[in-house]
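To start, the structure itself, in structure tokens.
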Protein chains: 2
Amino acid sequence: MESEEARPRRRQARGERRMSEILDAAAAVFAEQGYEKTTTNAVAAAAGISPGSLYQFFRSKEAVAQALADRFTAQMREAHGEAFAPADLAAMDLDDLIDRVVDPLVAFNVANPGFKALFARPDMPPGLATAAGPIQSALLGRVEAILAVRAPRLSAPERTRSARVLVQIFQAMTPVVVAATEEEREAEVRELKKVLRGYLAPLDG
Amino acid sequence: MESEEARPRRRQARGERRMSEILDAAAAVFAEQGYEKTTTNAVAAAAGISPGSLYQFFRSKEAVAQALADRFTAQMREAHGEAFAPADLAAMDLDDLIDRVVDPLVAFNVANPGFKALFARPDMPPGLATAAGPIQSALLGRVEAILAVRAPRLSAPERTRSARVLVQIFQAMTPVVVAATEEEREAEVRELKKVLRGYLAPLDG
DNA sequence: AGAGAATACGAGCAATCACTCGTATTCGCA
DNA sequence: TGCGAATACGAGTGATTGCTCGTATTCTCT
């Protein structure tokens, strides 16, 4: 019996390009319409190809979203970098700390409006949730690590809970920040930081 | 030319009961499946009637959601009451104030899980947004009124923005509170209040 | 050049879903 | 009791949509 799993098809450079184009189109359409409402035919049209061609490269609509999630994850890691050594964290002023964590995240979300359109939705199909999980937990882990240094008095469960609250606040306010006009945006980000600071300050040791 | 608008049909007591049953069923199914995913046939089945009968009383799926929104609005007003005279507001301790505003809202959301399932969704159809608007703006106006008393230094636009932020925080954390188990809920509510307090304290004059 | 694989097409299939319609039953009221 | 209106039914309709399939074109490699 040969391997049951479909081995990835050999791709030509053309195919790789197409896949990338399809993901570009999907990001745009998802951002505008949301996951459920975008039709695969619309994505194909936006990519300038036929529906059949889309399915040459992706097994399903969900697979497109999955691939897009992977791409976002990679971009996010790259954009965000490995910026913080624990040593820096402890010494830093709370406001500076918030700036350094929030600003790149905001920038990423502004640059990639499709991101939140996909992964902030409560109506995420199971497969998508799987893809969004790593992103979520990466962020959570990061925040938890910061809390471990800055708020050592917190017990482990408390730390987890607080991290979840912080991430939740961020995700709740991000859509407004992204949707704001250029000149409004700064003020919205300030509010976001105020909220985070208000919650963090009492914990900060 | 007679009136173009469809005058409401004469209803028998039986019909009124049916409508209420349909809304009960709709609330349950919406809460479980979300607006987009619930089929009108599923609502009819949950109400123990045929699809045709559902449309005897509601013009469309959206009309069902509209009616449900109206009912929620009324229940909310009733449950929440006119609890706050500005005089009380100024004197009250900040923590007490938060308790008095948050607790009934949390209770309402816990008692009516269908509520947030309908109105916290970003994929709200236009008609639903219309229905959700009054609820949202009632809450916003209420918070703004409180801010006017407690944070008189805020300019009008600042006040509006702050009210929006507060409502946003509440709405972001409500799903977690509602989804939490009985014994977890208290802790989640405490976190919610911490966040609100952290943001409000600097404004509170 | 020529063969086999990858890419491309787009009409159409199967399933889903909001909603309708013809008909049957029950109710309110005189 | 009888009549018109309200209620009830549920198979069916039209539109939508994720996805397929037969076929045509283009690429890669020898």
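By order in the structure tokens, chains are A, B, ...; within a chain, residues start at 1; ligands start at 1, following the order shown.
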- Task: Using only C-alpha atoms (C1' of nucleotides), find which residues of chain B lie within 9 Å of chain C and jot them down as a list of chain:residue names.
- Result: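 My answer is B:Gln12, B:Thr39, B:Thr40, B:Asn41, B:Pro51, B:Gly52, B:Tyr55, B:Ser60, B:Lys61.
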Could those selected residues go to a file with N, CA and C atoms, as a PDB file, in the first residue's frame?
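Generated file (result.pdb):
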ATOM      1  N   GLN B  12     -55.019  37.039  15.999  1.00  0.00           N
ATOM      2  CA  GLN B  12     -55.760  36.411  17.084  1.00  0.00           C
ATOM      3  C   GLN B  12     -54.780  36.149  18.226  1.00  0.00           C
ATOM      4  N   THR B  39     -30.810  28.525   9.926  1.00  0.00           N
ATOM      5  CA  THR B  39     -31.754  28.508   8.820  1.00  0.00           C
ATOM      6  C   THR B  39     -33.143  28.796   9.372  1.00  0.00           C
ATOM      7  N   THR B  40     -33.931  29.432   8.533  1.00  0.00           N
ATOM      8  CA  THR B  40     -35.294  29.739   8.973  1.00  0.00           C
ATOM      9  C   THR B  40     -36.068  28.451   9.242  1.00  0.00           C
ATOM     10  N   ASN B  41     -35.776  27.425   8.477  1.00  0.00           N
ATOM     11  CA  ASN B  41     -36.446  26.148   8.721  1.00  0.00           C
ATOM     12  C   ASN B  41     -36.077  25.588  10.093  1.00  0.00           C
ATOM     13  N   PRO B  51     -42.261  25.714   8.097  1.00  0.00           N
ATOM     14  CA  PRO B  51     -41.637  26.925   7.536  1.00  0.00           C
ATOM     15  C   PRO B  51     -42.686  27.931   7.069  1.00  0.00           C
ATOM     16  N   GLY B  52     -43.720  27.413   6.455  1.00  0.00           N
ATOM     17  CA  GLY B  52     -44.772  28.294   5.962  1.00  0.00           C
ATOM     18  C   GLY B  52     -45.414  29.102   7.073  1.00  0.00           C
ATOM     19  N   TYR B  55     -43.502  32.159   8.146  1.00  0.00           N
ATOM     20  CA  TYR B  55     -43.645  33.298   7.245  1.00  0.00           C
ATOM     21  C   TYR B  55     -45.067  33.861   7.263  1.00  0.00           C
ATOM     22  N   SER B  60     -39.497  37.918   6.795  1.00  0.00           N
ATOM     23  CA  SER B  60     -38.188  37.408   6.401  1.00  0.00           C
ATOM     24  C   SER B  60     -37.396  37.015   7.645  1.00  0.00           C
ATOM     25  N   LYS B  61     -36.298  36.377   7.399  1.00  0.00           N
ATOM     26  CA  LYS B  61     -35.386  36.012   8.485  1.00  0.00           C
ATOM     27  C   LYS B  61     -34.961  37.266   9.243  1.00  0.00           C
TER      28      LYS B  61
END
Residues of chain D within 8 Å of chain B, counting only C-alpha atoms (C1' of nucleotides), as a short mmCIF file (atom, residue, chain, number, x, y, z; two decimals) with N, CA and C atoms (P, O5', C5', C4', C3', O3' and C1' of nucleotides), in the first residue's frame:
data_model
loop_
_atom_site.label_atom_id
_atom_site.label_comp_id
_atom_site.auth_asym_id
_atom_site.auth_seq_id
_atom_site.Cartn_x
_atom_site.Cartn_y
_atom_site.Cartn_z
P DA D 6 -57.55 38.43 8.85
"O5'" DA D 6 -56.86 37.33 9.77
"C5'" DA D 6 -57.40 37.09 11.05
"C4'" DA D 6 -56.94 35.74 11.56
"C3'" DA D 6 -55.42 35.52 11.49
"O3'" DA D 6 -54.96 35.10 12.76
"C1'" DA D 6 -56.57 33.69 10.52
P DT D 7 -53.43 34.88 13.01
"O5'" DT D 7 -53.29 33.31 12.79
"C5'" DT D 7 -54.01 32.44 13.65
"C4'" DT D 7 -53.86 31.00 13.19
"C3'" DT D 7 -52.41 30.49 13.10
"O3'" DT D 7 -52.31 29.33 13.91
"C1'" DT D 7 -53.63 29.90 11.18
P DA D 8 -50.86 28.65 14.13
"O5'" DA D 8 -50.80 27.58 12.96
"C5'" DA D 8 -51.63 26.43 13.03
"C4'" DA D 8 -51.40 25.58 11.80
"C3'" DA D 8 -49.92 25.32 11.49
"O3'" DA D 8 -49.62 23.96 11.83
"C1'" DA D 8 -51.20 25.81 9.53
P DC D 9 -48.14 23.43 11.72
"O5'" DC D 9 -48.14 22.78 10.27
"C5'" DC D 9 -49.23 21.92 9.91
"C4'" DC D 9 -49.21 21.68 8.43
"C3'" DC D 9 -47.84 21.26 7.89
"O3'" DC D 9 -47.89 19.89 7.55
"C1'" DC D 9 -48.98 22.83 6.46
P DG D 10 -46.65 18.94 7.87
"O5'" DG D 10 -45.89 18.96 6.47
"C5'" DG D 10 -46.60 18.60 5.30
"C4'" DG D 10 -45.84 19.05 4.09
"C3'" DG D 10 -44.31 18.95 4.22
"O3'" DG D 10 -43.77 18.61 2.96
"C1'" DG D 10 -44.88 21.10 3.66
#
After fit on chain A (all C-alpha, ordered pairs), chain B as a PDB file with C-alpha atoms, in the first residue's frame:
ATOM      1  CA  MET B   1      -0.180   0.118   0.605  1.00  0.00           C
ATOM      2  CA  GLU B   2       1.299   3.450  -0.455  1.00  0.00           C
ATOM      3  CA  SER B   3       1.112   6.567   1.610  1.00  0.00           C
ATOM      4  CA  GLU B   4      -2.471   7.702   2.002  1.00  0.00           C
ATOM      5  CA  GLU B   5      -1.710  11.359   2.366  1.00  0.00           C
ATOM      6  CA  ALA B   6      -1.631  13.367  -0.822  1.00  0.00           C
ATOM      7  CA  ARG B   7       1.981  14.304  -1.431  1.00  0.00           C
ATOM      8  CA  PRO B   8       2.239  17.902  -2.539  1.00  0.00           C
ATOM      9  CA  ARG B   9       2.168  18.213  -6.262  1.00  0.00           C
ATOM     10  CA  ARG B  10       5.280  19.341  -8.100  1.00  0.00           C
ATOM     11  CA  ARG B  11       4.927  23.042  -8.801  1.00  0.00           C
ATOM     12  CA  GLN B  12       6.402  25.152 -11.483  1.00  0.00           C
ATOM     13  CA  ALA B  13       7.520  28.709 -10.794  1.00  0.00           C
ATOM     14  CA  ARG B  14       4.381  29.861 -12.566  1.00  0.00           C
ATOM     15  CA  GLY B  15       2.284  27.888 -10.099  1.00  0.00           C
ATOM     16  CA  GLU B  16       3.997  29.383  -7.097  1.00  0.00           C
ATOM     17  CA  ARG B  17       3.333  32.823  -8.473  1.00  0.00           C
ATOM     18  CA  ARG B  18      -0.308  31.981  -9.037  1.00  0.00           C
ATOM     19  CA  MET B  19      -0.699  30.738  -5.490  1.00  0.00           C
ATOM     20  CA  SER B  20       0.724  33.952  -4.185  1.00  0.00           C
ATOM     21  CA  GLU B  21      -1.593  35.973  -6.417  1.00  0.00           C
ATOM     22  CA  ILE B  22      -4.548  33.966  -5.206  1.00  0.00           C
ATOM     23  CA  LEU B  23      -3.617  34.661  -1.605  1.00  0.00           C
ATOM     24  CA  ASP B  24      -3.268  38.358  -2.372  1.00  0.00           C
ATOM     25  CA  ALA B  25      -6.713  38.358  -3.903  1.00  0.00           C
ATOM     26  CA  ALA B  26      -8.146  36.320  -1.047  1.00  0.00           C
ATOM     27  CA  ALA B  27      -6.724  38.703   1.545  1.00  0.00           C
ATOM     28  CA  ALA B  28      -8.335  41.631  -0.217  1.00  0.00           C
ATOM     29  CA  VAL B  29     -11.713  39.995  -0.651  1.00  0.00           C
ATOM     30  CA  PHE B  30     -11.772  38.547   2.847  1.00  0.00           C
ATOM     31  CA  ALA B  31     -10.906  41.946   4.251  1.00  0.00           C
ATOM     32  CA  GLU B  32     -13.751  43.543   2.379  1.00  0.00           C
ATOM     33  CA  GLN B  33     -16.451  40.918   2.663  1.00  0.00           C
ATOM     34  CA  GLY B  34     -15.534  38.703   5.570  1.00  0.00           C
ATOM     35  CA  TYR B  35     -14.856  35.010   5.357  1.00  0.00           C
ATOM     36  CA  GLU B  36     -18.364  33.647   5.103  1.00  0.00           C
ATOM     37  CA  LYS B  37     -19.587  36.093   2.522  1.00  0.00           C
ATOM     38  CA  THR B  38     -16.712  35.808   0.101  1.00  0.00           C
ATOM     39  CA  THR B  39     -17.313  33.338  -2.671  1.00  0.00           C
ATOM     40  CA  THR B  40     -14.487  31.306  -4.070  1.00  0.00           C
ATOM     41  CA  ASN B  41     -15.478  32.494  -7.520  1.00  0.00           C
ATOM     42  CA  ALA B  42     -15.024  36.077  -6.350  1.00  0.00           C
ATOM     43  CA  VAL B  43     -11.537  35.261  -5.121  1.00  0.00           C
ATOM     44  CA  ALA B  44     -10.732  33.625  -8.432  1.00  0.00           C
ATOM     45  CA  ALA B  45     -12.078  36.622 -10.333  1.00  0.00           C
ATOM     46  CA  ALA B  46     -10.076  39.011  -8.164  1.00  0.00           C
ATOM     47  CA  ALA B  47      -6.997  36.968  -8.930  1.00  0.00           C
ATOM     48  CA  GLY B  48      -7.822  37.087 -12.636  1.00  0.00           C
ATOM     49  CA  ILE B  49      -8.240  33.339 -13.036  1.00  0.00           C
ATOM     50  CA  SER B  50     -11.052  30.849 -13.434  1.00  0.00           C
ATOM     51  CA  PRO B  51     -12.700  29.003 -10.529  1.00  0.00           C
ATOM     52  CA  GLY B  52     -11.199  25.793 -11.802  1.00  0.00           C
ATOM     53  CA  SER B  53      -7.700  27.202 -11.649  1.00  0.00           C
ATOM     54  CA  LEU B  54      -8.147  28.221  -8.048  1.00  0.00           C
ATOM     55  CA  TYR B  55      -8.911  24.626  -7.180  1.00  0.00           C
ATOM     56  CA  GLN B  56      -5.812  23.555  -9.047  1.00  0.00           C
ATOM     57  CA  PHE B  57      -3.887  25.029  -6.138  1.00  0.00           C
ATOM     58  CA  PHE B  58      -6.178  24.877  -3.140  1.00  0.00           C
ATOM     59  CA  ARG B  59      -8.378  22.014  -2.117  1.00  0.00           C
ATOM     60  CA  SER B  60     -11.089  24.189  -0.665  1.00  0.00           C
ATOM     61  CA  LYS B  61     -12.060  27.651   0.439  1.00  0.00           C
ATOM     62  CA  GLU B  62     -10.850  26.757   3.904  1.00  0.00           C
ATOM     63  CA  ALA B  63      -7.470  25.699   2.516  1.00  0.00           C
ATOM     64  CA  VAL B  64      -7.102  29.156   1.007  1.00  0.00           C
ATOM     65  CA  ALA B  65      -7.783  30.724   4.382  1.00  0.00           C
ATOM     66  CA  GLN B  66      -5.353  28.289   6.004  1.00  0.00           C
ATOM     67  CA  ALA B  67      -2.594  29.196   3.599  1.00  0.00           C
ATOM     68  CA  LEU B  68      -3.352  32.851   4.131  1.00  0.00           C
ATOM     69  CA  ALA B  69      -3.109  32.301   7.865  1.00  0.00           C
ATOM     70  CA  ASP B  70       0.267  30.657   7.480  1.00  0.00           C
ATOM     71  CA  ARG B  71       1.477  33.533   5.401  1.00  0.00           C
ATOM     72  CA  PHE B  72       0.206  36.069   7.929  1.00  0.00           C
ATOM     73  CA  THR B  73       1.870  34.185  10.736  1.00  0.00           C
ATOM     74  CA  ALA B  74       5.186  34.257   8.959  1.00  0.00           C
ATOM     75  CA  GLN B  75       4.863  37.939   8.117  1.00  0.00           C
ATOM     76  CA  MET B  76       3.912  38.708  11.668  1.00  0.00           C
ATOM     77  CA  ARG B  77       6.904  36.902  13.098  1.00  0.00           C
ATOM     78  CA  GLU B  78       9.166  38.660  10.678  1.00  0.00           C
ATOM     79  CA  ALA B  79       7.680  42.092  11.222  1.00  0.00           C
ATOM     80  CA  HIS B  80       7.567  41.754  14.942  1.00  0.00           C
ATOM     81  CA  GLY B  81      10.920  40.169  15.374  1.00  0.00           C
ATOM     82  CA  GLU B  82      12.458  38.871  18.549  1.00  0.00           C
ATOM     83  CA  ALA B  83      12.539  42.298  20.057  1.00  0.00           C
ATOM     84  CA  PHE B  84      12.508  41.640  23.748  1.00  0.00           C
ATOM     85  CA  ALA B  85      15.083  40.155  25.998  1.00  0.00           C
ATOM     86  CA  PRO B  86      13.751  39.607  29.541  1.00  0.00           C
ATOM     87  CA  ALA B  87      16.522  41.803  30.891  1.00  0.00           C
ATOM     88  CA  ASP B  88      15.270  44.857  29.036  1.00  0.00           C
ATOM     89  CA  LEU B  89      11.732  44.141  30.049  1.00  0.00           C
ATOM     90  CA  ALA B  90      12.312  44.464  33.751  1.00  0.00           C
ATOM     91  CA  ALA B  91      14.003  47.832  33.591  1.00  0.00           C
ATOM     92  CA  MET B  92      11.819  49.508  31.035  1.00  0.00           C
ATOM     93  CA  ASP B  93       9.285  52.162  31.880  1.00  0.00           C
ATOM     94  CA  LEU B  94       5.731  50.803  31.641  1.00  0.00           C
ATOM     95  CA  ASP B  95       4.697  53.298  28.978  1.00  0.00           C
ATOM     96  CA  ASP B  96       7.739  52.450  26.904  1.00  0.00           C
ATOM     97  CA  LEU B  97       7.019  48.780  27.253  1.00  0.00           C
ATOM     98  CA  ILE B  98       3.471  49.253  26.039  1.00  0.00           C
ATOM     99  CA  ASP B  99       4.670  51.351  23.126  1.00  0.00           C
ATOM    100  CA  ARG B 100       7.168  48.757  22.073  1.00  0.00           C
ATOM    101  CA  VAL B 101       4.672  45.931  22.122  1.00  0.00           C
ATOM    102  CA  VAL B 102       1.625  47.731  20.808  1.00  0.00           C
ATOM    103  CA  ASP B 103       3.088  49.850  18.030  1.00  0.00           C
ATOM    104  CA  PRO B 104       4.385  47.032  15.831  1.00  0.00           C
ATOM    105  CA  LEU B 105       1.188  45.062  16.350  1.00  0.00           C
ATOM    106  CA  VAL B 106      -0.924  48.033  15.372  1.00  0.00           C
ATOM    107  CA  ALA B 107       1.269  48.676  12.355  1.00  0.00           C
ATOM    108  CA  PHE B 108       0.890  45.098  11.243  1.00  0.00           C
ATOM    109  CA  ASN B 109      -2.863  45.192  11.586  1.00  0.00           C
ATOM    110  CA  VAL B 110      -3.093  48.465   9.708  1.00  0.00           C
ATOM    111  CA  ALA B 111      -0.911  47.138   6.919  1.00  0.00           C
ATOM    112  CA  ASN B 112      -2.873  43.886   6.697  1.00  0.00           C
ATOM    113  CA  PRO B 113      -6.567  44.621   7.058  1.00  0.00           C
ATOM    114  CA  GLY B 114      -7.365  41.100   5.911  1.00  0.00           C
ATOM    115  CA  PHE B 115      -5.759  39.765   9.028  1.00  0.00           C
ATOM    116  CA  LYS B 116      -8.365  40.751  11.559  1.00  0.00           C
ATOM    117  CA  ALA B 117     -11.145  40.248   9.023  1.00  0.00           C
ATOM    118  CA  LEU B 118     -10.201  36.596   9.098  1.00  0.00           C
ATOM    119  CA  PHE B 119      -9.103  35.922  12.620  1.00  0.00           C
ATOM    120  CA  ALA B 120     -11.189  38.199  14.767  1.00  0.00           C
ATOM    121  CA  ARG B 121     -14.414  36.591  13.619  1.00  0.00           C
ATOM    122  CA  PRO B 122     -16.491  34.600  16.056  1.00  0.00           C
ATOM    123  CA  ASP B 123     -17.918  32.521  13.221  1.00  0.00           C
ATOM    124  CA  MET B 124     -14.647  30.912  12.387  1.00  0.00           C
ATOM    125  CA  PRO B 125     -14.976  27.453  10.873  1.00  0.00           C
ATOM    126  CA  PRO B 126     -13.103  24.725  12.758  1.00  0.00           C
ATOM    127  CA  GLY B 127     -10.298  24.537  10.270  1.00  0.00           C
ATOM    128  CA  LEU B 128      -9.742  28.253  10.482  1.00  0.00           C
ATOM    129  CA  ALA B 129      -9.667  28.153  14.238  1.00  0.00           C
ATOM    130  CA  THR B 130      -6.834  25.680  13.934  1.00  0.00           C
ATOM    131  CA  ALA B 131      -4.957  28.116  11.759  1.00  0.00           C
ATOM    132  CA  ALA B 132      -5.683  31.074  13.989  1.00  0.00           C
ATOM    133  CA  GLY B 133      -4.702  29.197  17.132  1.00  0.00           C
ATOM    134  CA  PRO B 134      -0.929  29.503  16.714  1.00  0.00           C
ATOM    135  CA  ILE B 135      -1.173  33.244  16.137  1.00  0.00           C
ATOM    136  CA  GLN B 136      -3.342  33.702  19.179  1.00  0.00           C
ATOM    137  CA  SER B 137      -1.246  31.559  21.443  1.00  0.00           C
ATOM    138  CA  ALA B 138       1.992  33.110  20.244  1.00  0.00           C
ATOM    139  CA  LEU B 139       0.673  36.486  21.266  1.00  0.00           C
ATOM    140  CA  LEU B 140      -0.640  35.130  24.532  1.00  0.00           C
ATOM    141  CA  GLY B 141       2.623  33.433  25.364  1.00  0.00           C
ATOM    142  CA  ARG B 142       4.502  36.599  24.634  1.00  0.00           C
ATOM    143  CA  VAL B 143       2.314  38.667  26.931  1.00  0.00           C
ATOM    144  CA  GLU B 144       2.509  36.019  29.606  1.00  0.00           C
ATOM    145  CA  ALA B 145       6.274  36.091  29.424  1.00  0.00           C
ATOM    146  CA  ILE B 146       6.257  39.828  29.908  1.00  0.00           C
ATOM    147  CA  LEU B 147       3.930  39.515  32.872  1.00  0.00           C
ATOM    148  CA  ALA B 148       6.169  36.906  34.425  1.00  0.00           C
ATOM    149  CA  VAL B 149       8.909  39.505  34.556  1.00  0.00           C
ATOM    150  CA  ARG B 150       6.904  42.599  35.344  1.00  0.00           C
ATOM    151  CA  ALA B 151       4.340  41.142  37.709  1.00  0.00           C
ATOM    152  CA  PRO B 152       6.121  38.344  39.540  1.00  0.00           C
ATOM    153  CA  ARG B 153       3.579  38.406  42.347  1.00  0.00           C
ATOM    154  CA  LEU B 154       0.945  36.928  40.051  1.00  0.00           C
ATOM    155  CA  SER B 155       0.354  33.214  40.363  1.00  0.00           C
ATOM    156  CA  ALA B 156       0.546  31.186  37.178  1.00  0.00           C
ATOM    157  CA  PRO B 157      -3.230  31.005  36.672  1.00  0.00           C
ATOM    158  CA  GLU B 158      -3.603  34.690  37.450  1.00  0.00           C
ATOM    159  CA  ARG B 159      -0.910  35.444  34.943  1.00  0.00           C
ATOM    160  CA  THR B 160      -2.660  33.420  32.286  1.00  0.00           C
ATOM    161  CA  ARG B 161      -5.919  35.133  32.952  1.00  0.00           C
ATOM    162  CA  SER B 162      -4.379  38.584  32.878  1.00  0.00           C
ATOM    163  CA  ALA B 163      -2.612  37.844  29.632  1.00  0.00           C
ATOM    164  CA  ARG B 164      -5.883  36.744  28.141  1.00  0.00           C
ATOM    165  CA  VAL B 165      -7.557  39.934  29.280  1.00  0.00           C
ATOM    166  CA  LEU B 166      -4.809  42.060  27.765  1.00  0.00           C
ATOM    167  CA  VAL B 167      -4.958  40.269  24.437  1.00  0.00           C
ATOM    168  CA  GLN B 168      -8.712  40.547  24.465  1.00  0.00           C
ATOM    169  CA  ILE B 169      -8.560  44.281  24.995  1.00  0.00           C
ATOM    170  CA  PHE B 170      -6.125  44.623  22.173  1.00  0.00           C
ATOM    171  CA  GLN B 171      -8.206  42.577  19.789  1.00  0.00           C
ATOM    172  CA  ALA B 172     -11.365  44.399  20.723  1.00  0.00           C
ATOM    173  CA  MET B 173      -9.918  47.799  19.990  1.00  0.00           C
ATOM    174  CA  THR B 174      -7.893  46.910  16.927  1.00  0.00           C
ATOM    175  CA  PRO B 175     -10.803  47.046  14.469  1.00  0.00           C
ATOM    176  CA  VAL B 176     -11.540  50.627  15.465  1.00  0.00           C
ATOM    177  CA  VAL B 177      -7.896  51.575  15.111  1.00  0.00           C
ATOM    178  CA  VAL B 178      -7.667  49.957  11.699  1.00  0.00           C
ATOM    179  CA  ALA B 179     -10.898  51.518  10.490  1.00  0.00           C
ATOM    180  CA  ALA B 180      -9.960  54.994  11.710  1.00  0.00           C
ATOM    181  CA  THR B 181      -8.748  57.654   9.323  1.00  0.00           C
ATOM    182  CA  GLU B 182      -5.085  58.521   9.325  1.00  0.00           C
ATOM    183  CA  GLU B 183      -5.538  61.520  11.596  1.00  0.00           C
ATOM    184  CA  GLU B 184      -7.926  59.774  13.977  1.00  0.00           C
ATOM    185  CA  ARG B 185      -5.741  56.725  14.333  1.00  0.00           C
ATOM    186  CA  GLU B 186      -3.216  58.228  16.665  1.00  0.00           C
ATOM    187  CA  ALA B 187      -5.913  59.194  19.134  1.00  0.00           C
ATOM    188  CA  GLU B 188      -7.437  55.736  18.999  1.00  0.00           C
ATOM    189  CA  VAL B 189      -4.097  54.128  19.670  1.00  0.00           C
ATOM    190  CA  ARG B 190      -3.638  56.454  22.634  1.00  0.00           C
ATOM    191  CA  GLU B 191      -6.928  55.239  24.068  1.00  0.00           C
ATOM    192  CA  LEU B 192      -5.931  51.637  23.534  1.00  0.00           C
ATOM    193  CA  LYS B 193      -2.709  52.246  25.404  1.00  0.00           C
ATOM    194  CA  LYS B 194      -4.549  54.027  28.182  1.00  0.00           C
ATOM    195  CA  VAL B 195      -6.728  51.009  28.694  1.00  0.00           C
ATOM    196  CA  LEU B 196      -3.788  48.647  28.731  1.00  0.00           C
ATOM    197  CA  ARG B 197      -1.883  50.895  31.076  1.00  0.00           C
ATOM    198  CA  GLY B 198      -4.818  51.240  33.444  1.00  0.00           C
ATOM    199  CA  TYR B 199      -5.057  47.491  33.730  1.00  0.00           C
ATOM    200  CA  LEU B 200      -1.337  46.858  33.910  1.00  0.00           C
ATOM    201  CA  ALA B 201      -0.266  49.583  36.313  1.00  0.00           C
ATOM    202  CA  PRO B 202      -1.626  47.928  39.467  1.00  0.00           C
ATOM    203  CA  LEU B 203       0.000  44.647  38.503  1.00  0.00           C
ATOM    204  CA  ASP B 204       3.319  46.187  37.644  1.00  0.00           C
ATOM    205  CA  GLY B 205       5.734  45.534  40.378  1.00  0.00           C
TER     206      GLY B 205
END
- Task: Any chance you could list, as number ranges by chain, the residues in range 27-172 of chain B that come up helix (DSSP H, G or I) when DSSP is run on the backbone?
- Result: B: 27-33, 40-47, 51-57, 61-80, 86-91, 94-111, 113-119, 126-150, 156-172
